$ cat input27.txt   # compact mmCIF, C-alpha atoms and all ligand atoms
# COMPACT_ATOMS: atom_id res chain seq x y z
CA MET A 608 15.57 6.71 33.10
CA PHE A 609 12.25 5.48 31.76
CA GLU A 610 10.46 8.22 33.66
CA ASN A 611 11.66 10.39 30.77
CA LEU A 612 9.59 8.47 28.23
CA ARG A 613 6.62 10.25 26.74
CA ALA A 614 3.51 8.27 25.84
CA GLN A 615 3.52 7.68 22.07
CA PRO A 616 0.58 8.82 19.98
CA GLU A 617 -1.69 5.87 19.23
CA ASP A 618 -1.91 4.56 15.69
CA GLN A 619 -5.55 5.14 14.77
CA ILE A 620 -5.84 2.08 12.55
CA LEU A 621 -4.35 -0.33 15.08
CA LYS A 622 -6.35 1.18 17.94
CA LEU A 623 -9.51 0.54 15.98
CA MET A 624 -8.47 -3.10 15.52
CA GLU A 625 -8.34 -3.48 19.32
CA GLN A 626 -11.68 -1.72 19.83
CA TYR A 627 -13.34 -3.99 17.28
CA ARG A 628 -11.92 -7.13 18.94
CA ALA A 629 -13.29 -6.00 22.32
CA ASP A 630 -16.81 -5.25 20.98
CA GLN A 631 -19.21 -8.05 22.03
CA ARG A 632 -22.05 -7.15 19.62
CA PRO A 633 -22.48 -10.09 17.21
CA GLU A 634 -23.63 -7.87 14.33
CA LYS A 635 -20.42 -5.78 14.38
CA ILE A 636 -18.87 -4.88 11.01
CA ASP A 637 -15.10 -4.34 10.67
CA LEU A 638 -14.11 -1.85 7.97
CA GLY A 639 -10.93 -0.82 9.80
CA VAL A 640 -7.50 -2.31 9.19
CA GLY A 641 -6.65 -3.13 5.57
CA VAL A 642 -6.91 -6.90 5.36
CA TYR A 643 -8.78 -8.91 2.74
CA ARG A 644 -11.54 -11.25 3.93
CA ASN A 645 -13.29 -13.94 1.93
CA SER A 646 -17.05 -14.59 1.92
CA GLN A 647 -16.70 -16.46 5.24
CA GLY A 648 -15.09 -13.42 6.84
CA VAL A 649 -11.68 -15.11 6.96
CA THR A 650 -8.33 -13.74 5.77
CA PRO A 651 -7.27 -16.93 4.00
CA VAL A 652 -3.82 -18.38 3.42
CA MET A 653 -3.69 -18.50 -0.37
CA GLN A 654 -3.53 -22.00 -1.88
CA ALA A 655 -0.42 -21.08 -3.88
CA VAL A 656 1.22 -20.04 -0.61
CA LYS A 657 0.17 -23.31 1.05
CA SER A 658 1.64 -25.30 -1.85
CA ALA A 659 4.87 -23.27 -1.77
CA GLU A 660 5.12 -23.79 1.99
CA HIS A 661 4.76 -27.50 1.48
CA GLN A 662 7.48 -27.51 -1.17
CA LEU A 663 9.73 -25.32 0.95
CA TRP A 664 9.32 -27.67 3.90
CA GLU A 665 10.41 -30.57 1.73
CA SER A 666 13.25 -28.87 -0.13
CA GLN A 667 14.83 -26.37 2.26
CA GLN A 668 18.12 -27.76 3.53
CA THR A 669 19.30 -24.93 5.74
CA LYS A 670 18.10 -22.00 7.78
CA GLY A 671 21.56 -20.41 7.47
CA TYR A 672 21.72 -16.67 6.79
CA THR A 673 20.83 -15.25 3.39
CA GLY A 674 22.59 -12.03 2.27
CA LEU A 675 22.20 -8.67 3.98
CA ALA A 676 19.98 -7.59 1.11
CA GLY A 677 18.03 -10.86 1.35
CA ASP A 678 17.90 -13.55 -1.31
CA PRO A 679 18.87 -11.94 -4.66
CA ALA A 680 16.41 -14.28 -6.45
CA PHE A 681 13.52 -12.82 -4.41
CA VAL A 682 14.60 -9.23 -5.05
CA SER A 683 14.99 -9.90 -8.74
CA ALA A 684 11.55 -11.59 -8.93
CA MET A 685 9.96 -8.60 -7.15
CA SER A 686 11.81 -6.18 -9.40
CA ASP A 687 10.42 -7.91 -12.51
CA LEU A 688 6.93 -8.12 -10.99
CA VAL A 689 6.84 -4.38 -10.36
CA LEU A 690 9.08 -2.94 -13.08
CA GLY A 691 8.59 -5.53 -15.84
CA THR A 692 11.53 -6.75 -17.88
CA ASP A 693 12.25 -3.77 -20.17
CA LEU A 694 14.26 -1.59 -17.80
CA ALA A 695 18.03 -2.28 -17.92
CA GLN A 696 19.11 -4.61 -15.11
CA ALA A 697 22.26 -2.50 -14.62
CA ARG A 698 20.12 0.41 -13.42
CA ARG A 699 18.40 -1.67 -10.73
CA ALA A 700 19.27 -2.31 -7.11
CA GLY A 701 17.14 -3.66 -4.30
CA ALA A 702 16.89 -5.37 -0.96
CA ALA A 703 14.42 -7.55 0.88
CA THR A 704 12.84 -5.78 3.84
CA VAL A 705 10.58 -6.51 6.76
CA GLY A 706 7.26 -6.00 4.95
CA GLY A 707 6.19 -2.91 3.06
CA THR A 708 6.68 -0.71 6.12
CA GLY A 709 10.30 -1.86 6.29
CA ALA A 710 10.64 -0.98 2.60
CA ILE A 711 9.32 2.53 3.22
CA ARG A 712 11.64 3.00 6.16
CA GLN A 713 14.72 1.73 4.31
CA GLY A 714 13.86 3.76 1.20
CA LEU A 715 13.59 6.90 3.30
CA GLU A 716 16.81 6.04 5.14
CA LEU A 717 18.57 5.76 1.77
CA ILE A 718 17.20 9.11 0.66
CA ARG A 719 18.24 10.69 3.94
CA LEU A 720 21.80 9.36 3.51
CA ALA A 721 21.92 10.85 0.02
CA ARG A 722 20.23 14.14 0.85
CA PRO A 723 19.64 14.76 4.56
CA ASP A 724 17.92 18.12 4.02
CA ALA A 725 15.34 17.05 1.46
CA THR A 726 11.68 17.72 2.21
CA VAL A 727 9.37 14.79 1.47
CA HIS A 728 6.07 15.82 -0.15
CA VAL A 729 3.24 13.40 0.63
CA PRO A 730 -0.34 13.39 -0.69
CA ASP A 731 -3.09 14.91 1.43
CA PRO A 732 -4.35 12.52 2.69
CA THR A 733 -1.88 9.65 2.89
CA TRP A 734 -1.41 6.47 4.94
CA PRO A 735 -0.90 7.86 8.48
CA ASN A 736 2.22 5.74 9.00
CA HIS A 737 3.99 7.63 6.19
CA THR A 738 3.90 10.83 8.20
CA ALA A 739 4.54 9.00 11.49
CA ILE A 740 7.74 7.47 10.08
CA LEU A 741 8.91 10.79 8.59
CA GLN A 742 8.21 12.47 11.91
CA ALA A 743 10.11 9.81 13.87
CA MET A 744 13.07 10.08 11.48
CA GLY A 745 13.11 13.85 11.84
CA MET A 746 12.75 14.30 8.06
CA LYS A 747 11.10 17.45 6.80
CA HIS A 748 7.77 16.76 5.19
CA ARG A 749 4.73 18.55 3.85
CA THR A 750 1.62 17.69 1.88
CA TYR A 751 0.53 18.28 -1.71
CA ARG A 752 -3.13 18.50 -2.71
CA TYR A 753 -4.49 15.16 -3.87
CA PHE A 754 -8.12 14.57 -3.05
CA ASP A 755 -11.31 16.60 -3.42
CA THR A 756 -13.52 15.73 -0.44
CA GLU A 757 -16.57 17.28 -2.11
CA THR A 758 -16.51 15.02 -5.17
CA GLY A 759 -14.69 12.02 -3.68
CA ALA A 760 -12.29 12.22 -6.65
CA LEU A 761 -8.73 13.25 -7.38
CA ASP A 762 -7.94 16.99 -7.19
CA MET A 763 -5.83 16.85 -10.34
CA THR A 764 -5.51 20.60 -10.80
CA GLY A 765 -4.40 21.14 -7.20
CA MET A 766 -2.04 18.18 -7.38
CA LEU A 767 -0.30 19.35 -10.57
CA GLU A 768 0.00 22.90 -9.23
CA ASP A 769 1.62 21.70 -6.01
CA LEU A 770 3.92 19.22 -7.74
CA ALA A 771 5.04 21.89 -10.20
CA ALA A 772 6.17 23.99 -7.21
CA VAL A 773 8.29 21.24 -5.59
CA PRO A 774 11.87 22.50 -5.29
CA GLU A 775 14.52 20.60 -7.27
CA GLY A 776 15.96 17.72 -5.26
CA ASP A 777 13.02 17.39 -2.90
CA VAL A 778 11.23 14.06 -2.67
CA VAL A 779 7.68 13.31 -3.85
CA LEU A 780 5.94 10.26 -2.41
CA LEU A 781 3.26 8.69 -4.62
CA HIS A 782 0.97 5.70 -4.13
CA GLY A 783 1.56 3.42 -7.13
CA CYS A 784 -2.06 2.19 -7.20
CA CYS A 785 -5.11 1.77 -4.95
CA HIS A 786 -4.50 4.98 -3.00
CA ASN A 787 -4.71 4.50 0.78
CA PRO A 788 -6.98 5.94 2.29
CA THR A 789 -9.10 7.33 -0.58
CA GLY A 790 -9.21 4.70 -3.34
CA ALA A 791 -8.89 7.57 -5.84
CA ASP A 792 -6.16 6.92 -8.42
CA PRO A 793 -5.05 9.00 -11.41
CA SER A 794 -6.03 7.69 -14.86
CA ALA A 795 -3.32 6.66 -17.34
CA ALA A 796 -3.52 10.09 -19.00
CA GLN A 797 -3.24 11.82 -15.62
CA TRP A 798 -0.21 9.71 -14.69
CA ALA A 799 1.45 10.90 -17.91
CA GLN A 800 0.87 14.50 -16.81
CA ILE A 801 2.18 13.76 -13.32
CA ALA A 802 5.32 12.11 -14.73
CA ALA A 803 5.94 15.09 -17.06
CA THR A 804 5.58 17.55 -14.16
CA LEU A 805 7.96 15.55 -11.97
CA GLN A 806 10.47 15.42 -14.82
CA GLN A 807 10.29 19.19 -15.15
CA VAL A 808 10.85 19.95 -11.47
CA ASN A 809 13.55 17.26 -11.21
CA ALA A 810 12.17 15.83 -7.99
CA MET A 811 13.29 12.54 -6.49
CA VAL A 812 10.27 10.23 -6.59
CA MET A 813 9.40 7.46 -4.17
CA VAL A 814 6.52 5.12 -4.99
CA ASP A 815 4.75 3.09 -2.33
CA ILE A 816 3.06 0.14 -4.02
CA ALA A 817 1.34 -2.11 -1.48
CA TYR A 818 -1.73 -3.28 -3.42
CA GLN A 819 -0.47 -4.42 -6.84
CA GLY A 820 -3.16 -6.71 -8.28
CA PHE A 821 -5.98 -5.35 -6.11
CA GLY A 822 -6.99 -2.60 -8.55
CA ASP A 823 -7.21 -3.65 -12.21
CA GLY A 824 -4.58 -6.40 -12.48
CA ILE A 825 -0.91 -7.13 -11.84
CA GLU A 826 0.30 -5.46 -15.06
CA GLU A 827 -2.27 -2.64 -15.02
CA ASP A 828 -1.52 -1.68 -11.41
CA ALA A 829 2.21 -1.49 -12.11
CA ALA A 830 1.79 0.73 -15.20
CA ALA A 831 2.25 4.05 -13.34
CA THR A 832 5.40 2.85 -11.54
CA ARG A 833 6.81 1.55 -14.83
CA LEU A 834 6.02 4.84 -16.56
CA LEU A 835 7.85 6.78 -13.84
CA ALA A 836 10.83 4.38 -14.06
CA SER A 837 11.02 4.93 -17.82
CA LYS A 838 10.85 8.74 -17.60
CA LEU A 839 12.82 9.61 -14.48
CA PRO A 840 16.56 9.16 -13.92
CA GLU A 841 16.06 7.79 -10.40
CA LEU A 842 13.23 6.15 -8.51
CA VAL A 843 12.79 4.51 -5.10
CA ILE A 844 10.00 1.93 -4.78
CA ALA A 845 8.63 0.37 -1.58
CA VAL A 846 6.83 -2.92 -2.28
CA SER A 847 4.73 -5.06 0.01
CA CYS A 848 3.76 -8.72 -0.35
CA SER A 849 1.32 -8.51 2.57
CA LYS A 850 -1.87 -8.05 0.57
CA ASN A 851 -1.32 -9.59 -2.86
CA PHE A 852 0.30 -12.74 -1.41
CA GLY A 853 -1.77 -12.61 1.80
CA LEU A 854 1.47 -12.80 3.79
CA TYR A 855 0.54 -10.15 6.34
CA ARG A 856 2.30 -11.57 9.38
CA ASP A 857 5.26 -13.03 7.49
CA ARG A 858 6.49 -9.52 6.67
CA ALA A 859 7.75 -9.89 3.10
CA GLY A 860 8.60 -6.73 1.20
CA ALA A 861 11.34 -5.10 -0.86
CA VAL A 862 12.86 -1.72 -1.51
CA LEU A 863 13.75 -1.34 -5.19
CA VAL A 864 15.88 1.47 -6.55
CA VAL A 865 16.35 2.65 -10.14
CA SER A 866 19.52 4.71 -10.72
CA LEU A 867 21.18 6.47 -13.62
CA SER A 868 23.98 3.95 -14.18
CA ALA A 869 25.55 0.70 -13.04
CA ARG A 870 28.03 2.71 -10.94
CA HIS A 871 25.21 4.41 -9.03
CA SER A 872 23.37 1.10 -8.64
CA ALA A 873 26.44 -0.48 -7.04
CA ALA A 874 26.62 2.36 -4.51
CA VAL A 875 22.89 2.06 -3.80
CA GLN A 876 23.18 -1.72 -3.36
CA GLY A 877 25.99 -1.35 -0.84
CA ASN A 878 24.04 1.25 1.11
CA LEU A 879 20.89 -0.88 1.20
CA ALA A 880 22.86 -3.82 2.57
CA THR A 881 24.35 -1.58 5.28
CA LEU A 882 20.95 -0.13 6.16
CA ASN A 883 19.59 -3.65 6.67
CA ARG A 884 22.66 -4.56 8.75
CA LEU A 885 22.12 -1.55 10.98
CA ALA A 886 18.40 -2.20 11.44
CA TYR A 887 18.13 -5.99 11.77
CA SER A 888 21.11 -7.54 9.97
CA PHE A 889 19.31 -10.00 7.70
CA PRO A 890 15.74 -9.48 6.51
CA ALA A 891 13.21 -12.25 7.28
CA ASP A 892 13.24 -14.91 4.57
CA HIS A 893 10.27 -17.27 5.02
CA GLY A 894 7.67 -15.13 3.24
CA ALA A 895 10.23 -13.96 0.70
CA ALA A 896 11.16 -17.56 -0.14
CA LEU A 897 7.50 -18.42 -0.74
CA VAL A 898 7.03 -15.41 -3.02
CA GLN A 899 10.17 -16.28 -4.96
CA MET A 900 8.98 -19.87 -5.42
CA ILE A 901 5.53 -18.78 -6.56
CA LEU A 902 6.84 -16.22 -9.05
CA SER A 903 9.42 -18.59 -10.56
CA ASN A 904 7.22 -21.67 -10.87
CA PRO A 905 4.68 -21.34 -13.73
CA GLY A 906 2.17 -23.67 -12.05
CA LEU A 907 2.24 -21.86 -8.71
CA ARG A 908 2.29 -18.49 -10.43
CA GLY A 909 -0.81 -19.37 -12.42
CA GLU A 910 -2.59 -20.55 -9.28
CA TRP A 911 -1.62 -17.37 -7.44
CA MET A 912 -2.78 -15.15 -10.32
CA ASP A 913 -6.15 -16.94 -10.37
CA GLU A 914 -6.60 -16.48 -6.63
CA LEU A 915 -5.59 -12.83 -6.84
CA THR A 916 -8.05 -12.29 -9.67
CA ALA A 917 -10.83 -13.85 -7.59
CA MET A 918 -9.96 -11.54 -4.66
CA ARG A 919 -9.95 -8.48 -6.92
CA ASP A 920 -13.25 -9.46 -8.54
CA ARG A 921 -14.79 -9.96 -5.12
CA ILE A 922 -13.70 -6.50 -3.94
CA ASN A 923 -15.03 -4.90 -7.12
CA THR A 924 -18.37 -6.70 -6.77
CA LEU A 925 -18.61 -5.55 -3.14
CA ARG A 926 -17.96 -2.01 -4.39
CA THR A 927 -20.71 -2.17 -7.01
CA GLU A 928 -23.20 -3.74 -4.59
CA LEU A 929 -22.46 -1.28 -1.79
CA ALA A 930 -22.75 1.72 -4.13
CA ALA A 931 -26.12 0.37 -5.38
CA ALA A 932 -27.40 -0.30 -1.85
CA LEU A 933 -26.40 3.22 -0.77
CA GLN A 934 -28.13 4.66 -3.81
CA ARG A 935 -31.33 2.83 -2.81
CA GLU A 936 -31.12 3.79 0.87
CA THR A 937 -30.22 7.46 0.39
CA GLY A 938 -32.03 8.05 -2.89
CA SER A 939 -28.95 9.92 -4.14
CA ASP A 940 -25.71 9.37 -6.03
CA ARG A 941 -23.66 10.85 -3.23
CA PHE A 942 -21.73 7.60 -2.72
CA ALA A 943 -21.51 6.49 -6.36
CA PHE A 944 -17.73 7.01 -6.30
CA ILE A 945 -17.41 3.81 -4.23
CA GLY A 946 -18.33 1.77 -7.29
CA ALA A 947 -15.81 3.53 -9.52
CA GLN A 948 -12.81 3.47 -7.19
CA ARG A 949 -10.27 0.67 -6.88
CA GLY A 950 -8.39 -1.22 -4.20
CA MET A 951 -9.32 -1.95 -0.62
CA PHE A 952 -10.25 1.51 0.52
CA SER A 953 -12.70 4.33 -0.06
CA ARG A 954 -13.29 7.37 2.03
CA LEU A 955 -16.96 7.86 2.74
CA GLY A 956 -16.61 11.61 3.29
CA ILE A 957 -18.63 11.84 6.51
CA THR A 958 -17.68 13.71 9.70
CA PRO A 959 -15.70 12.19 12.61
CA ASP A 960 -18.87 12.51 14.74
CA GLN A 961 -20.81 10.47 12.21
CA VAL A 962 -18.01 7.87 12.22
CA ASP A 963 -18.39 7.68 16.02
CA THR A 964 -22.18 7.29 15.70
CA LEU A 965 -21.74 4.47 13.21
CA ARG A 966 -19.49 2.69 15.71
CA ASP A 967 -21.53 3.39 18.87
CA ALA A 968 -25.06 2.98 17.51
CA HIS A 969 -24.53 0.48 14.66
CA ALA A 970 -21.30 -1.42 15.56
CA VAL A 971 -19.73 -0.32 12.26
CA TYR A 972 -15.99 0.29 12.59
CA MET A 973 -14.15 2.57 10.17
CA VAL A 974 -11.12 4.86 10.55
CA GLY A 975 -11.86 8.37 11.92
CA ASP A 976 -11.36 10.03 8.54
CA SER A 977 -14.20 7.72 7.31
CA ARG A 978 -11.87 5.34 5.44
CA MET A 979 -13.60 2.01 4.86
CA ASN A 980 -11.84 -1.25 4.10
CA ILE A 981 -14.29 -2.59 1.53
CA ALA A 982 -12.26 -5.81 1.26
CA GLY A 983 -13.34 -6.59 4.84
CA LEU A 984 -17.08 -6.67 4.03
CA SER A 985 -19.35 -9.60 3.27
CA MET A 986 -22.30 -9.51 0.84
CA GLU A 987 -24.68 -10.25 3.72
CA GLN A 988 -23.51 -7.18 5.62
CA ILE A 989 -24.16 -4.74 2.75
CA PRO A 990 -27.89 -4.02 3.38
CA THR A 991 -27.27 -3.42 7.14
CA LEU A 992 -24.26 -1.25 6.43
CA ALA A 993 -26.07 0.83 3.78
CA ARG A 994 -29.01 1.37 6.15
CA ALA A 995 -26.69 2.37 9.01
CA ILE A 996 -24.84 4.86 6.79
CA ALA A 997 -28.09 6.30 5.43
CA ASP A 998 -29.48 6.66 9.00
CA THR A 999 -26.33 8.33 10.24
CA CYS A 1000 -26.01 10.75 7.34
CA ASP A 1001 -29.65 11.83 7.34
C1 LIG B 1101 -3.90 -0.26 6.54
O1 LIG B 1101 -3.69 0.83 6.03
O2 LIG B 1101 -4.91 -0.56 7.17
C2 LIG B 1101 -2.85 -1.35 6.37
O3 LIG B 1101 -1.79 -0.91 5.58
C3 LIG B 1101 -2.39 -1.92 7.66
C4 LIG B 1101 -1.58 -0.99 8.49
O4 LIG B 1101 -0.50 -1.42 8.94
O5 LIG B 1101 -1.98 0.15 8.74
$ encode --input "input27.txt" --output "C-alpha cells" --more "lines below"
Ligand code: LMR
Amino acid sequence: MFENLRAQPEDQILKLMEQYRADQRPEKIDLGVGVYRNSQGVTPVMQAVKSAEHQLWESQQTKGYTGLAGDPAFVSAMSDLVLGTDLAQARRAGAATVGGTGAIRQGLELIRLARPDATVHVPDPTWPNHTAILQAMGMKHRTYRYFDTETGALDMTGMLEDLAAVPEGDVVLLHGCCHNPTGADPSAAQWAQIAATLQQVNAMVMVDIAYQGFGDGIEEDAAATRLLASKLPELVIAVSCSKNFGLYRDRAGAVLVVSLSARHSAAVQGNLATLNRLAYSFPADHGAALVQMILSNPGLRGEWMDELTAMRDRINTLRTELAAALQRETGSDRFAFIGAQRGMFSRLGITPDQVDTLRDAHAVYMVGDSRMNIAGLSMEQIPTLARAIADTCD
C-alpha cells in the first residue's frame, strides 16, 4: 500500500538545518533554525535546569504515569507564568503537551471539536508550521495582513482592517510576543486596539507564545496575552518551554484555555485530557517536571530569571551591533529595524535569490524568506556577516 504515499513537502527550516550541517566551510554562519547560542556558539543547558535535574534525580521516586493532562502542578505554574495571578482560577483549564508544537496542535484540535467549520486567520507571514498543521488537519485557513515588507514594520492599518472583517466565530491566531519570522510586534497601544477589534467581531482568539522572556522580559512579554485574557470571554494559548528554559529536545509545553465559566472550563479540561489520550496518552514529563521545580523554588527561579535576562541582553546587543555594522557597510539605514525589533528573528527583506547567494558565496544560512535567527550569531561573526549582506545587496 505504501506505493500510494506521496512525498511530503519539506519543512524549509529543518531542511536548512541539514544543509548547514553538511557544509564543510569553516567560516559558515547559521542563522536558520530558532535556537539560542551563547558566545561560544553552544546552545547551553541552563544552570537552573542542571540544578533541577540534579534535584529531580535525587528526589523522584517513581516514573509511574502522571495524569492525561500532565502534572497539574506544571500546568498551574505555566498558567501563572503566562496569565499572571489575577484571572479567576475557575475560568482556567490546561494540559501539558509535547512541546509548543504539541500545544498548537491540541489547541487547534479543541477548536475543531467545538467548531469544525471555523476558518483560522493567521498573520502574513507566520511560522510555516502553523499553516502546515492547519493544512494537515484539513482546517480552513487564510491570512490577515501583518507586516509591511517595505518598512520592515507592522502593517497596523492593514491588520486592523482585516481583523475587523473576520466573521463572528472564526479563529484569529496571534503571536503573543517576538513574532516569528519578522520580529515585528505591536506596541502596548496597538495591542489595545487589536483587543478592541477582536472584541467587536467576537472572534475566537488563539495565542502562540513560544518566546516569553526573549523580548523585553517575562512580565512584559506576557502583557498582550494577559490583556486579551482580561478582555475576551474565551482564549486558547499555546506555550512552549523550548526557548526560555532551553529545553528544546525535552519537548515541554502546555495548552492553556480561558473560558467563560467553571462549567465551560470543566468541559474543556475533559476534552484536553481526551485529546492527549488519543494522540499519545500521557504527555512527556521530564522537561515539565524541571520547569515546575524551577518555577516553584525561589532560588531556582531567581537563577533561571538571571540566565534568561543574560540571554535576552545578549540577543539585544547582537541586534544593536548588527544594525550598526550594516549601517557602516551599506551607508544607509535600510536595516535599522533590526536594532529596534525583539526576539530571535528578523526578516532582512532581501530576495530569495539573494538568500541563495549569501549561502552559496558566503556560507551564510538563513530561511528563504530572509528570516535570520539573530540569537544564533556570535559577536565575531558580525563584521563578516554585515560585509556579506552589503555585498549581496549591492
Ligand atoms: C523556528 O521557527 O526555527 C523554531 O520554532 C524551530 C522550528 O521547529 O521550526
$ closest_residue --input "input27.txt" --among "A:Tyr887, A:Asn878, A:Met986, A:Asp963" --to "Glu928 (chain A)" --atoms "all atoms listed in the file"
A:Met986
$ closest_residue --input "input27.txt" --among "A:Pro735, A:Gly671, A:Gly648, A:Gly956" --to "Ala891 (chain A)" --atoms "all atoms listed in the file"
A:Gly671
$ residues_near_ligand --input "input27.txt" --ligand "ligand LIG 1101 (chain B)" --cutoff "9 Å" --atoms "all atoms listed in the file" --output "list in words"
Asp618, Gln619, Ile620, Leu621, Gly639, Val640, Gly641, Val642, Gly707, Thr708, Trp734, Pro735, Asn736, Asn787, Pro788, Ala817, Ser849, Lys850, Tyr855, Phe952, Val974 and Asn980 of chain A
$ atom_distance --input "input27.txt" --atom1 "CA of Glu987 (chain A)" --atom2 "CA of Arg632 (chain A)"
16.4 Å
$ atom_distance --input "input27.txt" --atom1 "CA of Ala760 (chain A)" --atom2 "CA of Ala947 (chain A)"
9.8 Å
$ residues_near_point --input "input27.txt" --point "(-11.8, 5.1, 1.4)" --cutoff "9 Å" --atoms "only C-alpha atoms" --output "number ranges by chain"
A: 786-791, 945, 948, 951-956, 976-981
$ residues_around --input "input27.txt" --residues "Pro774 (chain A)" --least-positions-apart "5" --cutoff "9 Å" --atoms "only C-alpha atoms" --output "count of residues only"
4
$ atom_distance --input "input27.txt" --atom1 "CA of Leu717 (chain A)" --atom2 "CA of Asp687 (chain A)"
21.4 Å
$ residues_near_point --input "input27.txt" --point "(-15.0, -9.7, 5.1)" --cutoff "9 Å" --atoms "all atoms listed in the file" --output "PyMOL selection string"
chain A and resi 636-638+642-650+981-986+988
$ closest_residue --input "input27.txt" --among "A:Ala995, A:Ala932, A:Arg722, A:Val862" --to "Leu882 (chain A)" --atoms "all atoms listed in the file"
A:Val862
$ closest_residue --input "input27.txt" --among "A:Leu897, A:Val843, A:Ile801, A:Met766" --to "Val778 (chain A)" --atoms "all atoms listed in the file"
A:Val843
$ closest_residue --input "input27.txt" --among "A:Leu842, A:Ile740, A:Val656, A:Ile922" --to "Gly894 (chain A)" --atoms "only C-alpha atoms"
A:Val656
$ closest_residue --input "input27.txt" --among "A:Asn883, A:Thr756, A:Thr764, A:Ser794" --to "Thr958 (chain A)" --atoms "all atoms listed in the file"
A:Thr756
